[in-house]
file structure_38.txt (compact mmCIF, C-alpha atoms and all ligand atoms)
# COMPACT_ATOMS: atom_id res chain seq x y z
CA MET A 1 -64.27 207.76 24.25
CA SER A 2 -65.11 205.10 21.65
CA THR A 3 -67.64 205.56 18.89
CA SER A 4 -70.51 203.10 18.43
CA GLN A 5 -68.77 201.96 15.23
CA GLU A 6 -65.57 201.13 17.12
CA LEU A 7 -67.46 199.39 19.89
CA PHE A 8 -69.56 197.38 17.44
CA GLU A 9 -66.40 196.11 15.75
CA ARG A 10 -64.93 195.13 19.12
CA ALA A 11 -68.20 193.59 20.31
CA ARG A 12 -68.38 191.28 17.31
CA GLN A 13 -65.07 189.63 18.22
CA HIS A 14 -66.46 187.75 21.21
CA ILE A 15 -70.24 188.35 21.24
CA PRO A 16 -72.37 186.72 18.50
CA GLY A 17 -73.32 189.56 16.18
CA GLY A 18 -71.98 191.98 18.77
CA VAL A 19 -75.18 191.81 20.85
CA ASN A 20 -76.81 189.77 23.58
CA SER A 21 -80.28 189.91 22.02
CA PRO A 22 -80.66 189.87 18.21
CA VAL A 23 -82.86 192.91 17.50
CA ARG A 24 -80.26 195.18 19.12
CA ALA A 25 -77.92 194.55 16.16
CA PHE A 26 -79.96 196.83 13.81
CA LYS A 27 -80.08 193.98 11.30
CA ALA A 28 -83.58 194.95 10.14
CA VAL A 29 -82.84 198.65 9.65
CA GLY A 30 -79.15 198.39 8.72
CA GLY A 31 -76.32 200.51 10.05
CA THR A 32 -74.53 200.47 13.37
CA PRO A 33 -76.33 200.00 16.67
CA VAL A 34 -76.04 202.91 19.07
CA PHE A 35 -73.97 201.97 22.12
CA ILE A 36 -75.52 203.50 25.21
CA GLU A 37 -73.48 204.86 28.08
CA ARG A 38 -76.15 206.19 30.42
CA SER A 39 -79.81 207.08 30.69
CA GLU A 40 -81.97 209.57 32.53
CA GLY A 41 -85.73 210.10 32.36
CA ALA A 42 -86.93 210.06 28.76
CA TYR A 43 -83.39 210.00 27.37
CA VAL A 44 -80.55 207.65 26.58
CA PHE A 45 -77.06 208.98 25.84
CA ASP A 46 -74.60 207.26 23.54
CA THR A 47 -70.88 206.88 24.16
CA GLU A 48 -70.21 210.13 22.33
CA GLY A 49 -72.62 212.05 24.57
CA LYS A 50 -75.40 212.38 22.01
CA ARG A 51 -78.88 212.48 23.59
CA TYR A 52 -81.86 210.57 22.21
CA ILE A 53 -85.54 210.78 23.20
CA ASP A 54 -86.13 207.10 23.86
CA TYR A 55 -89.29 205.23 22.82
CA VAL A 56 -87.76 201.78 23.30
CA LEU A 57 -87.34 202.17 27.06
CA SER A 58 -85.32 198.97 27.40
CA TRP A 59 -88.09 197.26 25.39
CA GLY A 60 -90.80 198.36 27.78
CA PRO A 61 -89.71 198.21 31.41
CA MET A 62 -88.91 201.87 32.01
CA LEU A 63 -92.49 203.07 32.50
CA MET A 64 -91.37 205.95 34.74
CA GLY A 65 -88.44 206.79 32.51
CA HIS A 66 -84.85 205.72 32.97
CA ASN A 67 -82.98 205.61 36.21
CA HIS A 68 -85.84 206.85 38.38
CA PRO A 69 -84.28 208.14 41.62
CA ARG A 70 -86.64 206.17 43.88
CA VAL A 71 -85.98 202.88 42.10
CA ARG A 72 -82.24 203.54 42.03
CA GLU A 73 -82.30 204.34 45.75
CA ALA A 74 -84.20 201.13 46.56
CA VAL A 75 -81.66 199.10 44.58
CA VAL A 76 -78.66 200.74 46.22
CA GLN A 77 -80.11 200.31 49.71
CA GLN A 78 -80.86 196.64 49.11
CA ALA A 79 -77.44 196.03 47.54
CA GLU A 80 -75.84 197.11 50.79
CA LYS A 81 -77.57 194.20 52.53
CA GLY A 82 -76.52 191.55 50.03
CA LEU A 83 -76.99 190.61 46.40
CA SER A 84 -78.63 187.17 46.53
CA PHE A 85 -79.47 184.68 49.26
CA GLY A 86 -81.24 181.74 47.59
CA ALA A 87 -83.52 181.72 50.63
CA PRO A 88 -86.89 183.39 51.22
CA THR A 89 -87.08 187.10 52.05
CA GLU A 90 -89.79 189.45 53.25
CA LEU A 91 -89.38 191.49 50.07
CA GLU A 92 -90.78 188.56 48.05
CA ILE A 93 -93.88 188.48 50.25
CA GLN A 94 -94.36 192.21 49.85
CA LEU A 95 -94.14 192.05 46.07
CA ALA A 96 -96.37 188.96 45.80
CA ASP A 97 -98.95 190.59 48.08
CA ARG A 98 -98.96 193.73 45.97
CA ILE A 99 -99.28 191.88 42.68
CA CYS A 100 -102.12 189.72 43.99
CA GLU A 101 -103.93 192.77 45.37
CA ILE A 102 -103.66 194.60 42.07
CA MET A 103 -104.05 192.03 39.29
CA PRO A 104 -107.44 190.48 38.56
CA GLY A 105 -107.73 186.75 39.35
CA MET A 106 -104.23 186.52 40.84
CA ASP A 107 -104.32 184.24 43.92
CA LEU A 108 -100.75 182.97 43.86
CA VAL A 109 -97.70 184.26 42.00
CA ARG A 110 -94.22 182.81 41.38
CA MET A 111 -91.27 185.07 40.54
CA VAL A 112 -88.81 184.15 37.79
CA ASN A 113 -86.01 186.00 35.96
CA SER A 114 -87.40 186.80 32.51
CA GLY A 115 -90.55 186.89 30.45
CA THR A 116 -89.40 183.76 28.63
CA GLU A 117 -89.23 181.84 31.87
CA ALA A 118 -92.65 183.13 32.89
CA THR A 119 -94.41 181.98 29.70
CA MET A 120 -92.49 178.71 29.47
CA SER A 121 -93.46 177.87 33.05
CA ALA A 122 -97.09 178.95 32.60
CA ILE A 123 -97.38 176.64 29.61
CA ARG A 124 -95.88 173.69 31.47
CA LEU A 125 -98.28 174.39 34.31
CA ALA A 126 -101.29 174.57 31.97
CA ARG A 127 -100.26 171.27 30.38
CA GLY A 128 -99.70 169.66 33.76
CA TYR A 129 -102.99 170.97 35.12
CA THR A 130 -105.13 169.89 32.16
CA GLY A 131 -103.22 166.73 31.22
CA ARG A 132 -103.33 167.94 27.58
CA ASP A 133 -100.43 168.76 25.25
CA THR A 134 -101.70 171.09 22.51
CA ILE A 135 -101.24 174.81 22.95
CA VAL A 136 -102.74 177.62 20.87
CA LYS A 137 -100.88 180.81 20.04
CA PHE A 138 -101.40 183.56 17.47
CA GLU A 139 -99.32 184.49 14.47
CA GLY A 140 -97.16 187.53 15.17
CA CYS A 141 -97.37 187.21 18.95
CA TYR A 142 -94.05 186.62 20.70
CA HIS A 143 -93.85 184.99 24.08
CA GLY A 144 -90.11 184.53 24.53
CA HIS A 145 -87.83 181.94 23.04
CA SER A 146 -88.79 178.65 24.68
CA ASP A 147 -89.18 175.74 22.24
CA SER A 148 -92.96 175.35 22.32
CA LEU A 149 -93.43 179.06 21.60
CA LEU A 150 -90.92 179.48 18.78
CA VAL A 151 -93.43 178.12 16.34
CA LYS A 152 -95.09 179.79 13.38
CA ALA A 153 -98.22 178.92 11.47
CA GLY A 154 -98.21 175.99 9.09
CA SER A 155 -99.93 176.39 5.75
CA GLY A 156 -103.56 177.40 6.13
CA ALA A 157 -105.51 178.09 9.28
CA LEU A 158 -105.99 175.24 11.73
CA THR A 159 -102.75 173.47 10.79
CA LEU A 160 -100.29 172.62 13.51
CA GLY A 161 -97.17 174.65 13.71
CA VAL A 162 -93.74 174.50 12.13
CA PRO A 163 -90.60 175.47 14.07
CA SER A 164 -89.58 179.08 13.49
CA SER A 165 -86.00 178.30 14.48
CA PRO A 166 -83.61 175.41 13.79
CA GLY A 167 -83.19 173.53 17.04
CA VAL A 168 -86.90 173.37 17.81
CA PRO A 169 -87.96 169.73 17.25
CA ALA A 170 -90.77 169.37 14.71
CA ALA A 171 -92.38 166.89 17.10
CA LEU A 172 -92.66 169.64 19.69
CA ALA A 173 -93.92 172.22 17.19
CA ASP A 174 -96.65 169.70 16.32
CA HIS A 175 -98.20 170.47 19.68
CA THR A 176 -98.44 174.21 18.96
CA MET A 177 -101.38 175.43 16.91
CA THR A 178 -100.96 178.92 15.44
CA LEU A 179 -104.08 180.95 14.62
CA THR A 180 -104.72 184.43 13.22
CA TYR A 181 -104.80 187.26 15.78
CA ASN A 182 -108.14 189.06 16.04
CA ASP A 183 -109.94 186.29 14.12
CA SER A 184 -112.66 185.15 16.54
CA ASP A 185 -114.32 182.92 13.94
CA GLY A 186 -111.09 181.05 13.23
CA LEU A 187 -110.61 180.64 16.97
CA ARG A 188 -114.10 179.20 17.46
CA GLN A 189 -113.61 176.85 14.53
CA ALA A 190 -110.29 175.58 15.92
CA PHE A 191 -111.89 174.92 19.29
CA ALA A 192 -114.90 173.23 17.73
CA GLU A 193 -112.53 170.75 16.08
CA HIS A 194 -109.74 170.41 18.63
CA GLY A 195 -111.00 171.91 21.91
CA ALA A 196 -110.84 168.68 23.90
CA ARG A 197 -107.07 168.38 23.46
CA ILE A 198 -106.12 172.03 23.94
CA ALA A 199 -104.26 172.69 27.20
CA CYS A 200 -104.12 176.45 26.88
CA VAL A 201 -104.33 179.53 24.74
CA ILE A 202 -101.53 182.06 25.16
CA VAL A 203 -101.99 185.54 23.77
CA GLU A 204 -100.67 189.08 24.04
CA PRO A 205 -103.85 190.97 25.01
CA VAL A 206 -102.44 193.88 23.01
CA ALA A 207 -99.91 192.55 20.53
CA GLY A 208 -96.62 194.43 20.79
CA ASN A 209 -94.31 192.15 18.87
CA MET A 210 -95.86 192.77 15.45
CA ASN A 211 -95.76 196.54 15.91
CA CYS A 212 -98.78 197.55 18.04
CA ILE A 213 -102.07 195.74 17.43
CA PRO A 214 -104.91 196.23 19.92
CA PRO A 215 -107.50 193.46 20.25
CA ALA A 216 -110.54 193.80 17.98
CA PRO A 217 -113.82 194.23 19.89
CA GLY A 218 -114.94 190.80 21.08
CA PHE A 219 -111.64 188.98 20.46
CA LEU A 220 -110.53 188.73 24.10
CA GLU A 221 -114.09 187.82 25.12
CA ALA A 222 -114.09 185.04 22.51
CA LEU A 223 -110.86 183.68 24.03
CA ARG A 224 -112.48 183.60 27.46
CA GLU A 225 -115.56 181.91 26.05
CA VAL A 226 -113.78 179.07 24.18
CA CYS A 227 -111.49 178.39 27.14
CA ASP A 228 -114.44 178.20 29.54
CA ALA A 229 -116.31 175.86 27.21
CA SER A 230 -113.36 173.52 26.55
CA GLY A 231 -111.57 173.55 29.89
CA ALA A 232 -108.42 175.08 28.34
CA VAL A 233 -106.41 177.51 30.45
CA LEU A 234 -106.41 181.12 29.24
CA ILE A 235 -102.93 182.60 29.61
CA LEU A 236 -102.78 186.33 29.07
CA ASP A 237 -99.15 187.17 28.42
CA GLU A 238 -98.84 190.58 30.03
CA VAL A 239 -95.05 190.60 30.01
CA MET A 240 -95.26 193.70 27.84
CA THR A 241 -98.73 195.05 28.64
CA GLY A 242 -98.57 194.54 32.42
CA PHE A 243 -98.79 197.96 34.16
CA ARG A 244 -98.76 199.73 30.78
CA PHE A 245 -102.57 200.03 30.70
CA GLY A 246 -103.15 200.95 34.30
CA LEU A 247 -102.31 198.91 37.36
CA GLN A 248 -104.47 195.97 36.28
CA GLY A 249 -102.76 195.61 32.93
CA ALA A 250 -104.66 194.96 29.73
CA GLN A 251 -107.02 192.72 31.71
CA GLY A 252 -108.34 195.63 33.73
CA TYR A 253 -108.37 197.89 30.67
CA TYR A 254 -110.40 195.48 28.50
CA GLY A 255 -112.32 193.75 31.30
CA VAL A 256 -111.25 190.17 30.53
CA GLU A 257 -109.75 187.94 33.22
CA ALA A 258 -107.07 185.31 32.63
CA ASP A 259 -106.66 181.96 34.35
CA LEU A 260 -102.90 182.52 34.34
CA THR A 261 -101.09 185.80 33.76
CA THR A 262 -97.44 186.24 32.87
CA LEU A 263 -95.57 189.41 33.80
CA GLY A 264 -92.10 190.81 33.18
CA LYS A 265 -90.49 194.07 32.11
CA VAL A 266 -92.18 196.82 34.25
CA ILE A 267 -92.53 194.50 37.26
CA GLY A 268 -88.73 194.48 37.59
CA GLY A 269 -88.28 198.22 37.15
CA GLY A 270 -85.28 197.49 34.89
CA MET A 271 -83.94 194.47 36.77
CA PRO A 272 -84.28 190.96 35.27
CA VAL A 273 -87.66 189.80 36.58
CA GLY A 274 -90.63 187.83 35.32
CA ALA A 275 -93.61 186.33 37.11
CA PHE A 276 -96.48 183.98 36.46
CA GLY A 277 -99.55 183.55 38.57
CA GLY A 278 -103.28 183.19 38.64
CA LYS A 279 -106.02 181.01 39.98
CA ARG A 280 -105.22 179.11 43.15
CA GLU A 281 -106.49 175.79 41.83
CA ILE A 282 -104.05 175.91 38.91
CA MET A 283 -101.11 177.48 40.75
CA GLU A 284 -101.34 174.82 43.46
CA GLN A 285 -100.06 172.34 40.89
CA ILE A 286 -96.63 174.01 40.93
CA ALA A 287 -93.75 172.60 43.05
CA PRO A 288 -93.42 172.38 46.02
CA LEU A 289 -97.22 172.40 46.43
CA GLY A 290 -97.84 170.17 43.43
CA PRO A 291 -96.06 167.95 40.89
CA VAL A 292 -95.30 170.48 38.09
CA TYR A 293 -91.63 171.37 38.44
CA GLN A 294 -90.24 174.88 38.16
CA ALA A 295 -87.33 176.54 40.00
CA GLY A 296 -84.64 179.25 39.85
CA THR A 297 -81.33 179.98 41.61
CA LEU A 298 -81.82 183.73 41.39
CA SER A 299 -85.65 183.82 41.35
CA GLY A 300 -87.07 186.41 43.74
CA ASN A 301 -83.69 188.13 43.82
CA PRO A 302 -83.78 190.76 46.60
CA ILE A 303 -82.47 193.62 44.48
CA ALA A 304 -84.95 192.86 41.73
CA MET A 305 -87.78 192.65 44.29
CA ALA A 306 -86.75 196.02 45.75
CA ALA A 307 -86.80 197.58 42.27
CA GLY A 308 -90.22 196.05 41.57
CA LEU A 309 -91.68 197.29 44.84
CA ALA A 310 -90.40 200.82 44.31
CA THR A 311 -91.85 200.76 40.79
CA LEU A 312 -95.28 199.66 42.02
CA ASP A 313 -95.22 202.38 44.67
CA ILE A 314 -94.62 205.08 42.09
CA ILE A 315 -97.14 203.92 39.51
CA SER A 316 -99.84 203.43 42.16
CA ALA A 317 -100.16 207.22 42.51
CA GLU A 318 -103.67 208.25 41.52
CA ASP A 319 -102.66 210.62 38.75
CA PHE A 320 -99.95 208.42 37.22
CA TYR A 321 -101.71 207.05 34.13
CA PRO A 322 -104.12 209.68 32.70
CA PRO A 323 -101.49 212.19 31.51
CA LEU A 324 -99.43 209.35 30.11
CA PHE A 325 -102.33 208.05 28.03
CA THR A 326 -103.05 211.59 26.81
CA ARG A 327 -99.44 212.16 25.74
CA THR A 328 -99.26 208.81 23.95
CA ARG A 329 -102.39 209.69 22.00
CA ALA A 330 -101.01 213.19 21.27
CA LEU A 331 -97.82 211.63 19.92
CA CYS A 332 -99.79 209.42 17.52
CA ASP A 333 -102.06 212.28 16.43
CA GLY A 334 -99.01 214.45 15.80
CA LEU A 335 -97.24 211.76 13.79
CA GLN A 336 -100.37 211.17 11.72
CA ALA A 337 -100.84 214.87 11.01
CA ALA A 338 -97.18 215.24 10.01
CA ALA A 339 -97.37 212.25 7.66
CA ASP A 340 -100.62 213.51 6.12
CA LYS A 341 -99.08 216.92 5.53
CA ALA A 342 -96.11 215.35 3.76
CA GLY A 343 -98.42 213.11 1.71
CA ILE A 344 -96.92 209.89 3.14
CA PRO A 345 -99.35 206.96 3.43
CA PHE A 346 -99.17 206.20 7.13
CA THR A 347 -101.40 205.08 9.97
CA THR A 348 -100.96 204.60 13.72
CA ASN A 349 -102.28 202.30 16.41
CA THR A 350 -102.22 203.15 20.07
CA ALA A 351 -103.54 201.72 23.32
CA GLY A 352 -102.53 202.72 26.84
CA THR A 353 -98.83 203.58 26.77
CA MET A 354 -98.01 201.60 23.64
CA PHE A 355 -98.08 202.85 20.07
CA GLY A 356 -97.04 201.97 16.56
CA GLY A 357 -96.76 203.62 13.17
CA PHE A 358 -97.30 201.81 9.86
CA PHE A 359 -96.18 202.90 6.41
CA THR A 360 -99.27 201.77 4.54
CA ALA A 361 -102.21 203.12 2.58
CA ALA A 362 -104.54 200.80 4.53
CA ASP A 363 -106.93 202.51 6.97
CA SER A 364 -106.34 200.08 9.80
CA ILE A 365 -103.93 197.31 10.71
CA SER A 366 -105.20 194.44 12.85
CA ASN A 367 -103.17 191.32 12.12
CA TYR A 368 -99.76 189.95 11.19
CA ALA A 369 -100.33 189.63 7.44
CA GLN A 370 -101.28 193.32 7.28
CA VAL A 371 -98.19 194.32 9.28
CA MET A 372 -95.99 192.32 6.94
CA ALA A 373 -97.50 194.09 3.92
CA CYS A 374 -96.33 197.52 5.15
CA ASP A 375 -93.44 199.38 3.52
CA THR A 376 -90.42 198.24 5.51
CA GLU A 377 -87.92 200.10 3.36
CA ARG A 378 -89.67 203.37 4.06
CA PHE A 379 -89.72 202.61 7.78
CA ASN A 380 -85.99 201.89 7.70
CA ARG A 381 -85.25 205.27 6.12
CA PHE A 382 -87.59 207.00 8.57
CA PHE A 383 -85.90 205.22 11.47
CA HIS A 384 -82.44 206.49 10.47
CA LEU A 385 -83.68 210.05 9.88
CA MET A 386 -85.24 210.02 13.37
CA LEU A 387 -82.12 208.54 14.92
CA ALA A 388 -79.98 211.25 13.34
CA ALA A 389 -82.43 213.83 14.76
CA GLY A 390 -82.04 212.37 18.26
CA VAL A 391 -85.14 210.17 18.48
CA TYR A 392 -84.56 206.53 19.34
CA LEU A 393 -87.31 204.29 17.91
CA ALA A 394 -87.25 200.50 17.98
CA PRO A 395 -84.86 199.36 15.24
CA ALA A 396 -87.45 197.25 13.39
CA SER A 397 -90.86 198.03 11.91
CA TYR A 398 -92.57 195.19 13.79
CA GLU A 399 -91.92 196.44 17.33
CA ALA A 400 -94.28 198.53 19.46
CA GLY A 401 -93.15 201.88 20.81
CA PHE A 402 -93.46 202.83 24.48
CA THR A 403 -93.93 206.07 26.35
CA SER A 404 -93.00 206.87 29.95
CA SER A 405 -94.12 209.36 32.56
CA ALA A 406 -90.76 211.09 32.02
CA HIS A 407 -91.68 212.05 28.44
CA SER A 408 -92.77 215.69 28.65
CA ASP A 409 -95.02 217.61 26.28
CA ALA A 410 -91.84 219.22 24.97
CA ASP A 411 -90.34 215.78 24.23
CA ILE A 412 -93.49 214.78 22.35
CA GLU A 413 -93.44 218.05 20.38
CA ALA A 414 -89.76 217.63 19.55
CA THR A 415 -90.48 214.11 18.34
CA ILE A 416 -93.32 215.28 16.11
CA ASP A 417 -91.13 218.07 14.69
CA ALA A 418 -88.39 215.56 13.92
CA ALA A 419 -90.95 213.26 12.31
CA ALA A 420 -92.35 216.11 10.18
CA ALA A 421 -88.85 216.75 8.80
CA ALA A 422 -88.28 213.02 8.28
CA PHE A 423 -91.59 212.50 6.45
CA ALA A 424 -90.79 215.48 4.23
CA ALA A 425 -87.38 214.00 3.42
CA LEU A 426 -88.69 210.52 2.55
N1 LIG A 501 -93.82 187.85 26.24
C1 LIG A 501 -93.95 189.02 25.64
C2 LIG A 501 -95.32 189.54 25.31
C3 LIG A 501 -92.83 189.77 25.31
O1 LIG A 501 -92.98 190.95 24.69
C4 LIG A 501 -91.54 189.27 25.63
C5 LIG A 501 -90.27 190.03 25.30
N2 LIG A 501 -90.36 191.08 24.47
C6 LIG A 501 -91.46 188.03 26.27
C7 LIG A 501 -92.61 187.35 26.58
C8 LIG A 501 -90.13 187.45 26.64
O2 LIG A 501 -89.58 188.18 27.68
P1 LIG A 501 -87.99 188.18 27.93
O3 LIG A 501 -87.37 188.85 26.78
O4 LIG A 501 -87.84 188.91 29.23
O5 LIG A 501 -87.59 186.75 28.05
call {"tool": "encode", "arguments": {"input": "structure_38.txt", "output": "structure tokens"}}
result
Amino acid sequence: MSTSQELFERARQHIPGGVNSPVRAFKAVGGTPVFIERSEGAYVFDTEGKRYIDYVLSWGPMLMGHNHPRVREAVVQQAEKGLSFGAPTELEIQLADRICEIMPGMDLVRMVNSGTEATMSAIRLARGYTGRDTIVKFEGCYHGHSDSLLVKAGSGALTLGVPSSPGVPAALADHTMTLTYNDSDGLRQAFAEHGARIACVIVEPVAGNMNCIPPAPGFLEALREVCDASGAVLILDEVMTGFRFGLQGAQGYYGVEADLTTLGKVIGGGMPVGAFGGKREIMEQIAPLGPVYQAGTLSGNPIAMAAGLATLDIISAEDFYPPLFTRTRALCDGLQAAADKAGIPFTTNTAGTMFGGFFTAADSISNYAQVMACDTERFNRFFHLMLAAGVYLAPASYEAGFTSSAHSDADIEATIDAAAAAFAAL
């Protein structure tokens, strides 16, 4: 049995930073990442057998908790028939049919292997369909690591973007305009000036990559309105929110329909899957129907499709979502009450099965600048106190938390008790 410390030292010899995705390295919060050996329901277990109540849930996918027996069974059964064929299967039809039945405005859907691929392809498609190059995104939203999307705001509203990573050509970032989330006036102004050259707007309908920020009333409607008026494609990036707000994602929850929707995480039930789809007229531009190229050796992988189908079966049960929403709200209420009792300035946001806590004296948090003004140091100490108490939160203050149907009332209570002790110790 190796400790996380020993494994982290070994990992760093041949894996950059010891991890295959940066946030796992605990760089923001400091300390040693927990190496996980197995998972079950609401829990992950480290290599020393310590149990954690998990609110990261593999960064969102595990909506029914970890290692759900029906998903596992579907994967094992499919694995016996073969791992990958690179040729069409009936499973792909079944999953596409289900997604198109469920999601608003989804006529055609293409499967890919990650959320990054889904958003990158949706953007290429929007550009190909409109014949325009400029894309609009919002500060603090993350849509994967493709070049056009790794762009942050320039100075001042309405400026074109600057690369947020070396390796992203400035010339490409020039085509990405970054606006302020939840600022409908800024959005309208940008479209008034530049609407005719905007190919698409891409947005997280509930932002989950700057902690958890629900859309302000009217913001999603304003997006729909400016896209309709200008001919830009509205891409709702539901990689994180898809199936976390009910079967129809944030679109059903807030009553706003996308032209293109991107999916990932939950749709793969823990396997590497993404998808993009939407209106027939736009999707017909994708190869082999149309000229916009997009492909994938492992896309529509049979094991991943089987996991996705089993997942959709389970979450389609009538009583799946209501108790989950109630428990997520109870968790936030409990955290707030515990912080108030300890006299710690703190506020929470929650929507559907996502939540976030902010160490701030502000009453509400609705954009990136406000998130960045929160007390990160205090979060980091809180994170480590919770981890020591067996509660696994995302190891950075700008990540949303997730609940699953496997989290019981007792798990929520235990989490609130741990938080009460942590707030008192801060
Ligand atoms: N879009 C959103 C909204 C996401 O949250 C993420 C990942 N957290 C992505 C896209 C990229 O997905 P992936 O990590 O699977 O490439």
call {"tool": "residues_around", "arguments": {"input": "structure_38.txt", "residues": "stretch 264-274 of chain A", "least_positions_apart": "2", "cutoff": "10 Å", "atoms": "only C-alpha atoms", "output": "ChimeraX atom specification"}}
result
/A:57-68,71-72,75,95,99,110-119,237-244,262,276,298-301,303-312
call {"tool": "closest_residue", "arguments": {"input": "structure_38.txt", "among": "A:Pro205, A:Gly82, A:Pro215, A:Gly161", "to": "ligand LIG 501 (chain A)", "atoms": "only C-alpha atoms and all ligand atoms"}}
result
A:Pro205
call {"tool": "atom_distance", "arguments": {"input": "structure_38.txt", "atom1": "atom CA of A:Glu139", "atom2": "atom CA of A:Leu179"}}
result
5.9 Å
call {"tool": "closest_residue", "arguments": {"input": "structure_38.txt", "among": "A:Ser84, A:Asp54, A:Asn367, A:His143", "to": "A:Pro214", "atoms": "all atoms listed in the file"}}
result
A:Asn367
call {"tool": "atom_distance", "arguments": {"input": "structure_38.txt", "atom1": "atom CA of A:Ala342", "atom2": "atom CA of A:Asp417"}}
result
12.3 Å
call {"tool": "build_atoms", "arguments": {"input": "structure_38.txt", "residues": "stretch 70-88 of chain A", "atoms": "N, CA and C atoms", "output": "JSON list (two decimals), in the frame of the given file"}}
result
[["chain", "number", "residue", "atom", "x", "y", "z"],
["A", 70, "ARG", "N", -86.11, 207.02, 42.80],
["A", 70, "ARG", "CA", -86.64, 206.17, 43.88],
["A", 70, "ARG", "C", -86.33, 204.70, 43.65],
["A", 71, "VAL", "N", -86.32, 204.28, 42.40],
["A", 71, "VAL", "CA", -85.98, 202.88, 42.10],
["A", 71, "VAL", "C", -84.48, 202.68, 42.34],
["A", 72, "ARG", "N", -83.70, 203.63, 41.86],
["A", 72, "ARG", "CA", -82.24, 203.54, 42.03],
["A", 72, "ARG", "C", -81.90, 203.45, 43.52],
["A", 73, "GLU", "N", -82.55, 204.30, 44.31],
["A", 73, "GLU", "CA", -82.30, 204.34, 45.75],
["A", 73, "GLU", "C", -82.65, 203.00, 46.41],
["A", 74, "ALA", "N", -83.78, 202.43, 46.00],
["A", 74, "ALA", "CA", -84.20, 201.13, 46.56],
["A", 74, "ALA", "C", -83.18, 200.05, 46.22],
["A", 75, "VAL", "N", -82.65, 200.09, 45.02],
["A", 75, "VAL", "CA", -81.66, 199.10, 44.58],
["A", 75, "VAL", "C", -80.37, 199.25, 45.37],
["A", 76, "VAL", "N", -79.92, 200.49, 45.51],
["A", 76, "VAL", "CA", -78.66, 200.74, 46.22],
["A", 76, "VAL", "C", -78.79, 200.32, 47.69],
["A", 77, "GLN", "N", -79.91, 200.67, 48.29],
["A", 77, "GLN", "CA", -80.11, 200.31, 49.71],
["A", 77, "GLN", "C", -80.12, 198.80, 49.90],
["A", 78, "GLN", "N", -80.80, 198.10, 48.99],
["A", 78, "GLN", "CA", -80.86, 196.64, 49.11],
["A", 78, "GLN", "C", -79.49, 196.03, 48.84],
["A", 79, "ALA", "N", -78.76, 196.59, 47.88],
["A", 79, "ALA", "CA", -77.44, 196.03, 47.54],
["A", 79, "ALA", "C", -76.51, 196.06, 48.75],
["A", 80, "GLU", "N", -76.70, 197.04, 49.60],
["A", 80, "GLU", "CA", -75.84, 197.11, 50.79],
["A", 80, "GLU", "C", -76.08, 195.94, 51.74],
["A", 81, "LYS", "N", -77.26, 195.33, 51.64],
["A", 81, "LYS", "CA", -77.57, 194.20, 52.53],
["A", 81, "LYS", "C", -77.21, 192.85, 51.92],
["A", 82, "GLY", "N", -76.86, 192.83, 50.67],
["A", 82, "GLY", "CA", -76.52, 191.55, 50.03],
["A", 82, "GLY", "C", -77.18, 191.43, 48.67],
["A", 83, "LEU", "N", -76.54, 190.65, 47.80],
["A", 83, "LEU", "CA", -76.99, 190.61, 46.40],
["A", 83, "LEU", "C", -77.94, 189.46, 46.11],
["A", 84, "SER", "N", -77.75, 188.32, 46.78],
["A", 84, "SER", "CA", -78.63, 187.17, 46.53],
["A", 84, "SER", "C", -78.46, 186.20, 47.68],
["A", 85, "PHE", "N", -79.56, 185.60, 48.12],
["A", 85, "PHE", "CA", -79.47, 184.68, 49.26],
["A", 85, "PHE", "C", -79.89, 183.26, 48.90],
["A", 86, "GLY", "N", -80.73, 183.08, 47.89],
["A", 86, "GLY", "CA", -81.24, 181.74, 47.59],
["A", 86, "GLY", "C", -82.09, 181.19, 48.73],
["A", 87, "ALA", "N", -82.65, 182.09, 49.51],
["A", 87, "ALA", "CA", -83.52, 181.72, 50.63],
["A", 87, "ALA", "C", -84.62, 182.77, 50.67],
["A", 88, "PRO", "N", -85.77, 182.44, 51.28],
["A", 88, "PRO", "CA", -86.89, 183.39, 51.22],
["A", 88, "PRO", "C", -86.60, 184.71, 51.93]]
